[in-house]
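model_12.cif follows; it contains mmCIF, C-alpha atoms.
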```cif
data_model
loop_
_atom_site.group_PDB
_atom_site.id
_atom_site.type_symbol
_atom_site.label_atom_id
_atom_site.label_comp_id
_atom_site.auth_asym_id
_atom_site.auth_seq_id
_atom_site.Cartn_x
_atom_site.Cartn_y
_atom_site.Cartn_z
ATOM 1 C CA MET A 101 -13.491 -3.393 38.069
ATOM 2 C CA ARG A 102 -13.759 -2.618 34.369
ATOM 3 C CA LYS A 103 -9.985 -2.533 34.001
ATOM 4 C CA GLY A 104 -9.751 -5.923 35.705
ATOM 5 C CA ILE A 105 -12.190 -7.475 33.222
ATOM 6 C CA VAL A 106 -10.265 -5.938 30.308
ATOM 7 C CA LEU A 107 -6.997 -7.277 31.694
ATOM 8 C CA ILE A 108 -8.419 -10.789 32.091
ATOM 9 C CA LEU A 109 -9.823 -10.723 28.547
ATOM 10 C CA LEU A 110 -6.483 -9.518 27.168
ATOM 11 C CA LEU A 111 -4.668 -12.295 29.035
ATOM 12 C CA ILE A 112 -7.053 -14.889 27.596
ATOM 13 C CA ILE A 113 -6.503 -13.546 24.069
ATOM 14 C CA ALA A 114 -2.724 -13.480 24.580
ATOM 15 C CA THR A 115 -2.664 -17.082 25.814
ATOM 16 C CA GLY A 116 -4.758 -18.173 22.843
ATOM 17 C CA MET A 117 -2.452 -16.401 20.401
ATOM 18 C CA VAL A 118 0.689 -17.836 21.981
ATOM 19 C CA LEU A 119 -0.754 -21.366 21.987
ATOM 20 C CA SER A 120 -1.915 -21.172 18.371
ATOM 21 C CA LEU A 121 1.263 -19.527 17.084
ATOM 22 C CA GLN A 122 3.390 -22.228 18.721
ATOM 23 C CA GLU A 123 1.867 -24.794 16.373
ATOM 24 C CA ILE A 124 2.887 -22.960 13.191
ATOM 25 C CA PRO A 125 6.286 -24.083 11.865
ATOM 26 C CA PHE A 126 7.693 -20.663 10.904
ATOM 27 C CA GLY A 127 10.531 -20.711 8.428
ATOM 28 C CA MET A 128 10.042 -24.351 7.468
ATOM 29 C CA ALA A 129 9.199 -25.518 3.974
ATOM 30 C CA GLU A 130 6.236 -27.486 5.277
ATOM 31 C CA SER A 131 3.502 -26.664 2.802
ATOM 32 C CA LYS A 132 3.540 -28.524 -0.503
ATOM 33 C CA ILE A 133 1.917 -25.659 -2.408
ATOM 34 C CA GLY A 134 4.766 -23.278 -1.503
ATOM 35 C CA SER A 135 7.493 -25.493 -2.884
ATOM 36 C CA TYR A 136 5.313 -26.182 -5.933
ATOM 37 C CA PHE A 137 5.114 -22.450 -6.695
ATOM 38 C CA ILE A 138 8.871 -22.060 -6.221
ATOM 39 C CA LYS A 139 9.653 -25.017 -8.470
ATOM 40 C CA GLU A 140 7.090 -24.506 -11.221
ATOM 41 C CA GLY A 141 6.284 -20.792 -10.965
ATOM 42 C CA VAL A 142 8.902 -19.450 -13.366
ATOM 43 C CA ARG A 143 8.214 -22.132 -15.972
ATOM 44 C CA GLN A 144 4.429 -21.836 -15.810
ATOM 45 C CA THR A 145 4.034 -18.062 -15.650
ATOM 46 C CA GLY A 146 7.357 -16.649 -16.872
ATOM 47 C CA ALA A 147 7.549 -14.233 -13.916
ATOM 48 C CA THR A 148 10.813 -14.406 -11.966
ATOM 49 C CA ASN A 149 9.212 -12.784 -8.915
ATOM 50 C CA ILE A 150 7.287 -15.688 -7.387
ATOM 51 C CA VAL A 151 5.086 -13.370 -5.318
ATOM 52 C CA THR A 152 3.914 -11.660 -8.495
ATOM 53 C CA SER A 153 3.228 -14.943 -10.242
ATOM 54 C CA VAL A 154 1.036 -15.972 -7.297
ATOM 55 C CA VAL A 155 -0.722 -12.607 -6.935
ATOM 56 C CA VAL A 156 -1.503 -11.983 -10.605
ATOM 57 C CA ASN A 157 -1.560 -15.437 -12.127
ATOM 58 C CA TYR A 158 -2.409 -18.196 -9.660
ATOM 59 C CA ARG A 159 -4.851 -16.077 -7.664
ATOM 60 C CA GLY A 160 -5.613 -13.314 -10.132
ATOM 61 C CA PHE A 161 -9.312 -13.454 -9.358
ATOM 62 C CA ASP A 162 -8.659 -12.667 -5.667
ATOM 63 C CA THR A 163 -6.554 -9.709 -6.774
ATOM 64 C CA LEU A 164 -9.485 -8.436 -8.820
ATOM 65 C CA GLY A 165 -11.538 -8.690 -5.620
ATOM 66 C CA GLU A 166 -8.898 -6.735 -3.670
ATOM 67 C CA VAL A 167 -8.882 -3.990 -6.276
ATOM 68 C CA THR A 168 -12.676 -3.876 -6.082
ATOM 69 C CA VAL A 169 -12.577 -3.544 -2.279
ATOM 70 C CA LEU A 170 -10.185 -0.599 -2.556
ATOM 71 C CA PHE A 171 -12.369 0.958 -5.255
ATOM 72 C CA THR A 172 -15.472 0.624 -3.062
ATOM 73 C CA ALA A 173 -13.639 2.173 -0.108
ATOM 74 C CA ALA A 174 -12.496 5.129 -2.223
ATOM 75 C CA ILE A 175 -16.028 5.662 -3.561
ATOM 76 C CA GLY A 176 -17.500 5.433 -0.058
ATOM 77 C CA LEU A 177 -15.051 7.995 1.284
ATOM 78 C CA GLY A 178 -15.696 10.313 -1.631
ATOM 79 C CA ALA A 179 -19.461 10.039 -1.119
ATOM 80 C CA LEU A 180 -19.094 10.615 2.636
ATOM 81 C CA LEU A 181 -16.937 13.715 2.246
ATOM 82 C CA SER A 182 -18.653 15.270 -0.750
ATOM 83 C CA THR A 183 -21.755 16.115 1.305
ATOM 84 C CA HIS A 184 -20.223 19.300 2.649
ATOM 85 C CA LYS A 185 -17.503 20.327 0.272
ATOM 86 C CA LYS A 186 -16.296 23.723 -0.883
ATOM 87 C CA ARG A 187 -17.318 25.288 2.405
ATOM 88 C CA ASN A 188 -14.369 27.615 2.691
ATOM 89 C CA ALA A 189 -12.727 27.223 -0.679
ATOM 90 C CA GLY A 190 -11.755 30.885 -0.902
ATOM 91 C CA GLU A 191 -9.584 30.732 2.207
ATOM 92 C CA HIS A 192 -6.001 31.743 1.549
ATOM 93 C CA LEU A 193 -3.447 29.048 2.334
ATOM 94 C CA GLU A 194 -0.244 29.707 4.195
ATOM 95 C CA PRO A 195 2.550 28.703 1.766
ATOM 96 C CA ALA A 196 5.089 26.081 2.807
ATOM 97 C CA SER A 197 8.627 27.200 3.553
ATOM 98 C CA LEU A 198 11.106 27.559 0.701
ATOM 99 C CA ILE A 199 13.073 24.453 1.717
ATOM 100 C CA VAL A 200 9.974 22.246 1.865
ATOM 101 C CA TYR A 201 8.676 23.722 -1.412
ATOM 102 C CA THR A 202 11.947 23.190 -3.303
ATOM 103 C CA GLY A 203 12.497 19.755 -1.806
ATOM 104 C CA CYS A 204 9.055 18.623 -2.805
ATOM 105 C CA ARG A 205 9.465 20.047 -6.324
ATOM 106 C CA VAL A 206 12.700 18.043 -6.711
ATOM 107 C CA LEU A 207 11.464 14.847 -5.063
ATOM 108 C CA PHE A 208 7.993 14.637 -6.639
ATOM 109 C CA PRO A 209 9.059 13.400 -10.137
ATOM 110 C CA VAL A 210 11.679 11.081 -8.621
ATOM 111 C CA ILE A 211 9.116 9.404 -6.369
ATOM 112 C CA LEU A 212 6.662 9.123 -9.282
ATOM 113 C CA LEU A 213 9.383 7.490 -11.378
ATOM 114 C CA ALA A 214 10.251 5.076 -8.542
ATOM 115 C CA GLY A 215 6.590 4.071 -8.234
ATOM 116 C CA ALA A 216 6.264 3.547 -11.989
ATOM 117 C CA TYR A 217 9.503 1.536 -12.044
ATOM 118 C CA ILE A 218 8.234 -0.695 -9.256
ATOM 119 C CA PHE A 219 4.971 -1.607 -10.929
ATOM 120 C CA ILE A 220 6.411 -1.936 -14.450
ATOM 121 C CA HIS A 221 9.121 -4.314 -13.166
ATOM 122 C CA GLY A 222 6.721 -6.120 -10.854
ATOM 123 C CA HIS A 223 7.357 -9.487 -12.534
ATOM 124 C CA LEU A 224 11.153 -9.160 -12.261
ATOM 125 C CA THR A 225 11.941 -7.392 -8.978
ATOM 126 C CA PRO A 226 10.132 -7.191 -5.625
ATOM 127 C CA GLY A 227 7.084 -5.011 -5.593
ATOM 128 C CA GLY A 228 4.162 -4.650 -7.920
ATOM 129 C CA GLY A 229 0.990 -2.785 -8.637
ATOM 130 C CA PHE A 230 -0.127 -2.203 -5.071
ATOM 131 C CA GLN A 231 3.283 -1.088 -3.820
ATOM 132 C CA GLY A 232 3.963 1.103 -6.859
ATOM 133 C CA GLY A 233 0.507 2.639 -6.599
ATOM 134 C CA ALA A 234 1.001 3.412 -2.912
ATOM 135 C CA ILE A 235 4.352 5.050 -3.665
ATOM 136 C CA ILE A 236 2.763 7.188 -6.391
ATOM 137 C CA ALA A 237 0.032 8.214 -3.949
ATOM 138 C CA SER A 238 2.669 9.162 -1.359
ATOM 139 C CA ALA A 239 4.269 11.396 -4.011
ATOM 140 C CA PHE A 240 0.928 13.195 -4.313
ATOM 141 C CA LEU A 241 0.714 13.441 -0.522
ATOM 142 C CA LEU A 242 4.125 15.142 -0.541
ATOM 143 C CA MET A 243 2.957 17.519 -3.266
ATOM 144 C CA TYR A 244 -0.184 18.450 -1.334
ATOM 145 C CA LEU A 245 1.915 19.164 1.749
ATOM 146 C CA GLY A 246 4.727 21.045 0.045
ATOM 147 C CA CYS A 247 3.172 22.833 -2.932
ATOM 148 C CA ARG A 248 -0.068 24.101 -1.403
ATOM 149 C CA GLY A 249 -2.852 24.919 -3.756
ATOM 150 C CA LYS A 250 -1.790 22.522 -6.512
ATOM 151 C CA ARG A 251 -4.442 19.927 -7.311
ATOM 152 C CA VAL A 252 -4.743 16.979 -9.634
ATOM 153 C CA LYS A 253 -7.633 17.383 -12.033
ATOM 154 C CA ALA A 254 -10.422 15.173 -10.740
ATOM 155 C CA HIS A 255 -11.420 13.815 -14.118
ATOM 156 C CA LEU A 256 -7.832 12.757 -14.881
ATOM 157 C CA SER A 257 -7.610 10.578 -11.784
ATOM 158 C CA THR A 258 -11.088 9.080 -12.315
ATOM 159 C CA THR A 259 -10.232 8.354 -15.949
ATOM 160 C CA LEU A 260 -7.006 6.587 -14.978
ATOM 161 C CA GLU A 261 -8.897 4.627 -12.348
ATOM 162 C CA GLY A 262 -11.558 3.549 -14.829
ATOM 163 C CA VAL A 263 -9.026 2.628 -17.513
ATOM 164 C CA GLY A 264 -7.043 0.532 -15.009
ATOM 165 C CA GLY A 265 -10.079 -1.449 -13.911
ATOM 166 C CA LEU A 266 -11.311 -1.839 -17.484
ATOM 167 C CA VAL A 267 -7.958 -3.177 -18.746
ATOM 168 C CA PHE A 268 -7.861 -5.725 -15.911
ATOM 169 C CA ILE A 269 -11.376 -7.027 -16.608
ATOM 170 C CA LEU A 270 -10.993 -6.953 -20.401
ATOM 171 C CA LEU A 271 -7.784 -9.008 -20.189
ATOM 172 C CA GLY A 272 -9.640 -11.465 -17.983
ATOM 173 C CA ILE A 273 -12.572 -11.728 -20.386
ATOM 174 C CA THR A 274 -10.227 -12.169 -23.372
ATOM 175 C CA GLY A 275 -9.090 -15.412 -21.758
ATOM 176 C CA LEU A 276 -12.740 -16.526 -21.662
ATOM 177 C CA ILE A 277 -13.274 -15.571 -25.323
ATOM 178 C CA LEU A 278 -10.223 -17.576 -26.379
ATOM 179 C CA GLY A 279 -11.766 -20.645 -24.775
ATOM 180 C CA HIS A 280 -9.871 -20.778 -21.487
ATOM 181 C CA GLU A 281 -10.712 -19.751 -17.942
ATOM 182 C CA PHE A 282 -11.179 -16.167 -16.690
ATOM 183 C CA LEU A 283 -7.822 -14.344 -16.404
ATOM 184 C CA PHE A 284 -6.033 -16.974 -18.487
ATOM 185 C CA ASN A 285 -2.529 -15.790 -19.400
ATOM 186 C CA PHE A 286 -2.966 -15.871 -23.181
ATOM 187 C CA LEU A 287 0.055 -13.753 -24.200
ATOM 188 C CA PRO A 288 3.398 -15.481 -24.996
ATOM 189 C CA LYS A 289 5.509 -16.103 -21.886
ATOM 190 C CA GLY A 290 8.745 -14.901 -23.458
ATOM 191 C CA GLU A 291 12.161 -15.433 -21.952
ATOM 192 C CA PRO A 292 12.248 -15.110 -18.147
ATOM 193 C CA ASN A 293 14.218 -12.213 -16.633
ATOM 194 C CA THR A 294 13.492 -9.840 -19.506
ATOM 195 C CA LEU A 295 11.114 -6.862 -19.392
ATOM 196 C CA PHE A 296 8.804 -8.246 -22.086
ATOM 197 C CA SER A 297 8.076 -11.571 -20.490
ATOM 198 C CA ALA A 298 5.459 -13.288 -18.328
ATOM 199 C CA GLY A 299 2.583 -12.689 -20.740
ATOM 200 C CA PHE A 300 0.004 -10.208 -19.512
ATOM 201 C CA ILE A 301 1.404 -9.875 -15.964
ATOM 202 C CA PRO A 302 3.222 -6.553 -16.618
ATOM 203 C CA ILE A 303 0.131 -5.121 -18.345
ATOM 204 C CA ILE A 304 -2.134 -6.117 -15.452
ATOM 205 C CA TYR A 305 0.335 -4.756 -12.924
ATOM 206 C CA MET A 306 0.504 -1.443 -14.790
ATOM 207 C CA ALA A 307 -3.294 -1.293 -14.741
ATOM 208 C CA ILE A 308 -3.369 -2.105 -11.011
ATOM 209 C CA GLY A 309 -0.602 0.410 -10.308
ATOM 210 C CA LEU A 310 -2.400 3.254 -12.091
ATOM 211 C CA LYS A 311 -5.702 2.291 -10.486
ATOM 212 C CA VAL A 312 -4.371 2.002 -6.922
ATOM 213 C CA GLY A 313 -2.250 5.138 -7.311
ATOM 214 C CA SER A 314 -5.119 7.281 -8.561
ATOM 215 C CA GLU A 315 -7.523 5.841 -5.965
ATOM 216 C CA LEU A 316 -5.224 6.500 -2.999
ATOM 217 C CA ALA A 317 -4.289 9.925 -4.375
ATOM 218 C CA GLY A 318 -8.019 10.632 -4.716
ATOM 219 C CA ILE A 319 -8.619 9.610 -1.077
ATOM 220 C CA ILE A 320 -5.838 11.946 0.085
ATOM 221 C CA ASP A 321 -7.146 14.717 -2.183
ATOM 222 C CA ASN A 322 -10.652 14.357 -0.689
ATOM 223 C CA LEU A 323 -9.324 14.412 2.880
ATOM 224 C CA ILE A 324 -7.039 17.406 2.303
ATOM 225 C CA GLU A 325 -9.760 19.376 0.564
ATOM 226 C CA GLU A 326 -12.039 18.607 3.494
ATOM 227 C CA SER A 327 -9.452 19.578 6.106
ATOM 228 C CA GLN A 328 -8.759 23.045 4.743
ATOM 229 C CA MET B 176 22.921 -9.525 12.838
ATOM 230 C CA ASN B 177 20.829 -10.831 15.716
ATOM 231 C CA ILE B 178 21.870 -7.844 17.835
ATOM 232 C CA ILE B 179 20.626 -5.406 15.168
ATOM 233 C CA LEU B 180 17.337 -7.297 14.968
ATOM 234 C CA ALA B 181 17.001 -7.253 18.762
ATOM 235 C CA ILE B 182 17.645 -3.505 18.896
ATOM 236 C CA LEU B 183 15.087 -2.921 16.143
ATOM 237 C CA ILE B 184 12.454 -5.036 17.892
ATOM 238 C CA VAL B 185 13.019 -3.258 21.217
ATOM 239 C CA LEU B 186 12.755 0.121 19.449
ATOM 240 C CA MET B 187 9.574 -1.022 17.744
ATOM 241 C CA ILE B 188 7.931 -2.101 21.005
ATOM 242 C CA ALA B 189 9.092 1.089 22.702
ATOM 243 C CA SER B 190 7.592 3.302 19.995
ATOM 244 C CA ALA B 191 4.360 1.270 20.043
ATOM 245 C CA ILE B 192 4.066 1.892 23.805
ATOM 246 C CA ALA B 193 4.981 5.560 23.272
ATOM 247 C CA ALA B 194 2.182 5.869 20.713
ATOM 248 C CA LEU B 195 -0.235 4.669 23.388
ATOM 249 C CA ILE B 196 1.105 6.914 26.164
ATOM 250 C CA TYR B 197 1.549 10.268 24.346
ATOM 251 C CA LYS B 198 -1.182 12.808 24.987
ATOM 252 C CA ASP B 199 -0.004 14.898 22.037
ATOM 253 C CA LEU B 200 -1.668 13.093 19.144
ATOM 254 C CA ILE B 201 0.818 14.279 16.502
ATOM 255 C CA SER B 202 3.639 12.698 18.526
ATOM 256 C CA ALA B 203 1.570 9.517 18.849
ATOM 257 C CA VAL B 204 1.079 9.431 15.053
ATOM 258 C CA ILE B 205 4.815 9.864 14.472
ATOM 259 C CA ALA B 206 5.523 7.066 16.975
ATOM 260 C CA SER B 207 3.120 4.718 15.166
ATOM 261 C CA CYS B 208 4.808 5.732 11.899
ATOM 262 C CA LEU B 209 8.077 4.579 13.461
ATOM 263 C CA VAL B 210 6.460 1.212 14.270
ATOM 264 C CA SER B 211 5.558 0.772 10.587
ATOM 265 C CA LEU B 212 9.006 1.868 9.447
ATOM 266 C CA ILE B 213 10.794 -0.622 11.714
ATOM 267 C CA ALA B 214 8.295 -3.306 10.698
ATOM 268 C CA ALA B 215 9.245 -2.621 7.063
ATOM 269 C CA ILE B 216 12.956 -3.013 7.889
ATOM 270 C CA LEU B 217 12.225 -6.259 9.755
ATOM 271 C CA PHE B 218 10.180 -7.591 6.815
ATOM 272 C CA PHE B 219 13.145 -6.855 4.580
ATOM 273 C CA PHE B 220 15.478 -8.784 6.888
ATOM 274 C CA LEU B 221 12.972 -11.657 6.932
ATOM 275 C CA GLN B 222 13.332 -11.848 3.110
ATOM 276 C CA ALA B 223 9.918 -10.431 2.299
ATOM 277 C CA PRO B 224 10.789 -7.334 0.237
ATOM 278 C CA ASP B 225 7.315 -7.145 -1.318
ATOM 279 C CA VAL B 226 5.646 -6.843 2.068
ATOM 280 C CA ALA B 227 8.355 -4.436 3.231
ATOM 281 C CA MET B 228 7.624 -2.132 0.301
ATOM 282 C CA ALA B 229 3.880 -2.159 0.935
ATOM 283 C CA GLU B 230 4.409 -1.562 4.662
ATOM 284 C CA ALA B 231 6.798 1.338 4.059
ATOM 285 C CA ALA B 232 4.596 3.023 1.468
ATOM 286 C CA ILE B 233 1.206 2.507 3.114
ATOM 287 C CA GLY B 234 1.995 2.161 6.826
ATOM 288 C CA ALA B 235 4.726 4.751 7.118
ATOM 289 C CA ALA B 236 3.711 7.315 4.492
ATOM 290 C CA LEU B 237 0.023 7.265 3.618
ATOM 291 C CA VAL B 238 -1.508 6.259 6.962
ATOM 292 C CA THR B 239 0.657 8.821 8.771
ATOM 293 C CA GLY B 240 -0.429 11.526 6.360
ATOM 294 C CA ILE B 241 -4.109 10.635 6.751
ATOM 295 C CA PHE B 242 -3.821 10.569 10.564
ATOM 296 C CA VAL B 243 -2.062 13.949 10.582
ATOM 297 C CA ILE B 244 -4.861 15.398 8.450
ATOM 298 C CA ALA B 245 -7.453 13.902 10.828
ATOM 299 C CA VAL B 246 -5.670 15.271 13.924
ATOM 300 C CA LYS B 247 -5.360 18.679 12.301
ATOM 301 C CA ARG B 248 -9.075 18.692 11.630
ATOM 302 C CA THR B 249 -10.145 17.600 15.128
ATOM 303 C CA GLN B 250 -8.007 18.377 18.176
ATOM 304 C CA ARG B 251 -4.338 17.996 18.848
ATOM 305 C CA PHE B 252 -4.281 16.991 22.519
ATOM 306 C CA GLU B 253 -6.030 14.070 24.129
ATOM 307 C CA GLU B 254 -8.083 14.981 27.192
#
```
File written out as structure tokens:
Amino acid sequence: MRKGIVLILLLIIATGMVLSLQEIPFGMAESKIGSYFIKEGVRQTGATNIVTSVVVNYRGFDTLGEVTVLFTAAIGLGALLSTHKKRNAGEHLEPASLIVYTGCRVLFPVILLAGAYIFIHGHLTPGGGFQGGAIIASAFLLMYLGCRGKRVKAHLSTTLEGVGGLVFILLGITGLILGHEFLFNFLPKGEPNTLFSAGFIPIIYMAIGLKVGSELAGIIDNLIEESQ
Amino acid sequence: MNIILAILIVLMIASAIAALIYKDLISAVIASCLVSLIAAILFFFLQAPDVAMAEAAIGAALVTGIFVIAVKRTQRFEE
């Protein structure tokens, strides 16, 4: 009886999705705003990666909101898990095997470097602050799994997080002070396709990368500490 | 090219169903990790490298790690 109702509901949802997805012209250059970004994006923002120019420049305020959502989630998780912490902190951990330990020692700096490369070159190549930050956090996940007992100092990650958010908001307010809108790209655009181009986009992406990386690493750190 | 895409999509659906069926939750987590990984490859083929990167880093690495930690803390086998 219950399964029948669930099946009927699922069928209704599936039909609705199929009918609505049929209307969307996938792969067609239908929307005017998309072709506008492709045509004018490089000239207006200086960023060769159109996705970055949209994420940081055209809808920078939404990105600030996204970063805030992630920040709130990390704080909520930390508050939830900190109620019963350090319960069995003295417990001895079984060390990882030699192969895992050595592999993680070798891979950890390489993954960190890849993450940093991705968010520093966010305006030139695919990727950006969120992707680079997630890759940095996955490097810390690997370290927690392979090199047991090693921890990032809590105040270092909170400092990085705070500095990242502060840089983002201060750059936004500087645009206001100079007499333009919030998050106005006030730095010189430079020549496209070079590292020092696209105004403040690389700086903001570095701030986002450090912030997202330290937040996600902090979430993993909280969970691992809780699970031991 | 289309054949590779078809194989990937079939693998993706198969691992999604496997993630539902497995009673061993660690196997189910690994199967859902495979779904994210293949989704990342498909995003790359669909010329969305930014999304592919985010999917690979978050869906395949971080979410899997967090689920493994959660399974380790609760119970491994579904009743």
Any idea what's packed within 10 Å of Leu256 of chain A, counting only C-alpha atoms, ignoring anything in its chain fewer than 5 positions away? Could you give it as a ChimeraX atom specification?
/A:261-262,314
Take the residues that were just selected and, keeping C-alpha atoms, output them as a short mmCIF file (atom, residue, chain, number, x, y, z; two decimals), in the coordinates of the input.
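Below is the file that was written, result36.cif:
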```
data_model
loop_
_atom_site.label_atom_id
_atom_site.label_comp_id
_atom_site.auth_asym_id
_atom_site.auth_seq_id
_atom_site.Cartn_x
_atom_site.Cartn_y
_atom_site.Cartn_z
CA GLU A 261 -8.90 4.63 -12.35
CA GLY A 262 -11.56 3.55 -14.83
CA SER A 314 -5.12 7.28 -8.56
#
```
With 12 Å as the threshold, what does the neighbourhood of (-8.5, -9.8, -6.2) contain in terms of residues, counting all atoms listed in the file? Coordinates are those of the file; answer as a ChimeraX atom specification.
/A:154-171,230,265,268-269,272,283,304,308
Write out, as a tab-separated table, each residue of chain A that has an atom at most 8 Å from chain B, together with the closest pair of atoms and their distance in Å to one decimal, counting all atoms listed in the file, rows going by chain and rising number.
```
residue	atom	partner	partner_atom	distance
A:Val151	CA	B:Asp225	CA	7.7
A:Pro226	CA	B:Asp225	CA	5.1
A:Gly227	CA	B:Asp225	CA	4.8
A:Gly228	CA	B:Asp225	CA	7.7
A:Phe230	CA	B:Ala229	CA	7.2
A:Gln231	CA	B:Ala229	CA	4.9
A:Ala234	CA	B:Ala232	CA	5.7
A:Ile235	CA	B:Ala232	CA	5.5
A:Ala237	CA	B:Leu237	CA	7.6
A:Ser238	CA	B:Leu237	CA	5.9
A:Leu241	CA	B:Gly240	CA	7.2
A:Ile320	CA	B:Ile241	CA	7.0
A:Leu323	CA	B:Ile244	CA	7.2
A:Ile324	CA	B:Ile244	CA	6.8
A:Ser327	CA	B:Arg248	CA	5.6
```
For the file shown, report as a VMD selection string the outcome of the PyMOL selection byres ((chain A and resi 200) around 12) at residue level.
chain A and resid 195 to 199 201 to 208 242 to 248
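With all atoms listed in the file as the atoms that count, the residue of A:Pro209, A:Gly215, A:Gly309, A:Gly229 with the shortest distance to Leu260 of chain A is A:Gly309.
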What does the structure give for the distance between atom CA of Leu266 of chain A and atom CA of Leu212 of chain A, in Å to one decimal?
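These two atoms are separated by 22.6 Å.
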Residue among B:Ile216, B:Glu254, B:Thr239, B:Ile178 lying closest to Ala203 of chain B, counting all atoms listed in the file
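Checking each candidate against Ala203 of chain B, we get B:Thr239 as the closest.
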Shortest contact to Ile319 of chain A, candidates A:Thr172, A:Asn285, A:Ser135, A:Thr115, atoms counted all atoms listed in the file, goes to A:Thr172
Select, counting only C-alpha atoms, all protein, DNA and RNA residues no farther than 12 Å from (9.6, 4.8, 12.4) in file coordinates, and express the selection as a ChimeraX atom specification.
/B:183-184,186-191,193-194,202-217,230-231,234-236,239
Atom CA of Gly222 of chain A to atom CA of Ile273 of chain A measures 22.2 Å
Extending 6 Å beyond the listed atoms of segment 158-166 of chain A on each side, what axis-aligned box results? I want centre and edge lengths in Å to one decimal, as JSON.
```
{"center_x": -7.0, "center_y": -12.5, "center_z": -6.9, "size_x": 21.1, "size_y": 23.5, "size_z": 18.5}
```
Give as a list of chain:residue names the residues that the PyMOL selection byres ((chain A and resi 290-298) around 9) matches when applied to the coordinates above.
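Listing what the PyMOL selection byres ((chain A and resi 290-298) around 9) selects in the shown file: A:Val142, A:Arg143, A:Gln144, A:Thr145, A:Gly146, A:Ala147, A:Thr148, A:Ser153, A:Ile220, A:His221, A:His223, A:Leu224, A:Asn285, A:Leu287, A:Pro288, A:Lys289, A:Gly299, A:Phe300, A:Ile301, A:Pro302.
The space separating atom CA of Val263 of chain A from atom CA of Lys311 of chain A comes to 7.8 Å.
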If we count all atoms listed in the file, what is near Gln250 of chain B at a cut-off of 12 Å, once residues fewer than 6 positions away on the same chain are taken out, given as a list in words?
Lys198, Asp199, Leu200, Ile201, Phe242, Val243 and Ile244 of chain B
Same residues, C-alpha atoms, saved as a PDB file, in the frame of the given file:
```pdb
ATOM      1  CA  LYS B 198      -1.182  12.808  24.987  1.00  0.00           C
ATOM      2  CA  ASP B 199      -0.004  14.898  22.037  1.00  0.00           C
ATOM      3  CA  LEU B 200      -1.668  13.093  19.144  1.00  0.00           C
ATOM      4  CA  ILE B 201       0.818  14.279  16.502  1.00  0.00           C
ATOM      5  CA  PHE B 242      -3.821  10.569  10.564  1.00  0.00           C
ATOM      6  CA  VAL B 243      -2.062  13.949  10.582  1.00  0.00           C
ATOM      7  CA  ILE B 244      -4.861  15.398   8.450  1.00  0.00           C
TER       8      ILE B 244
END
```
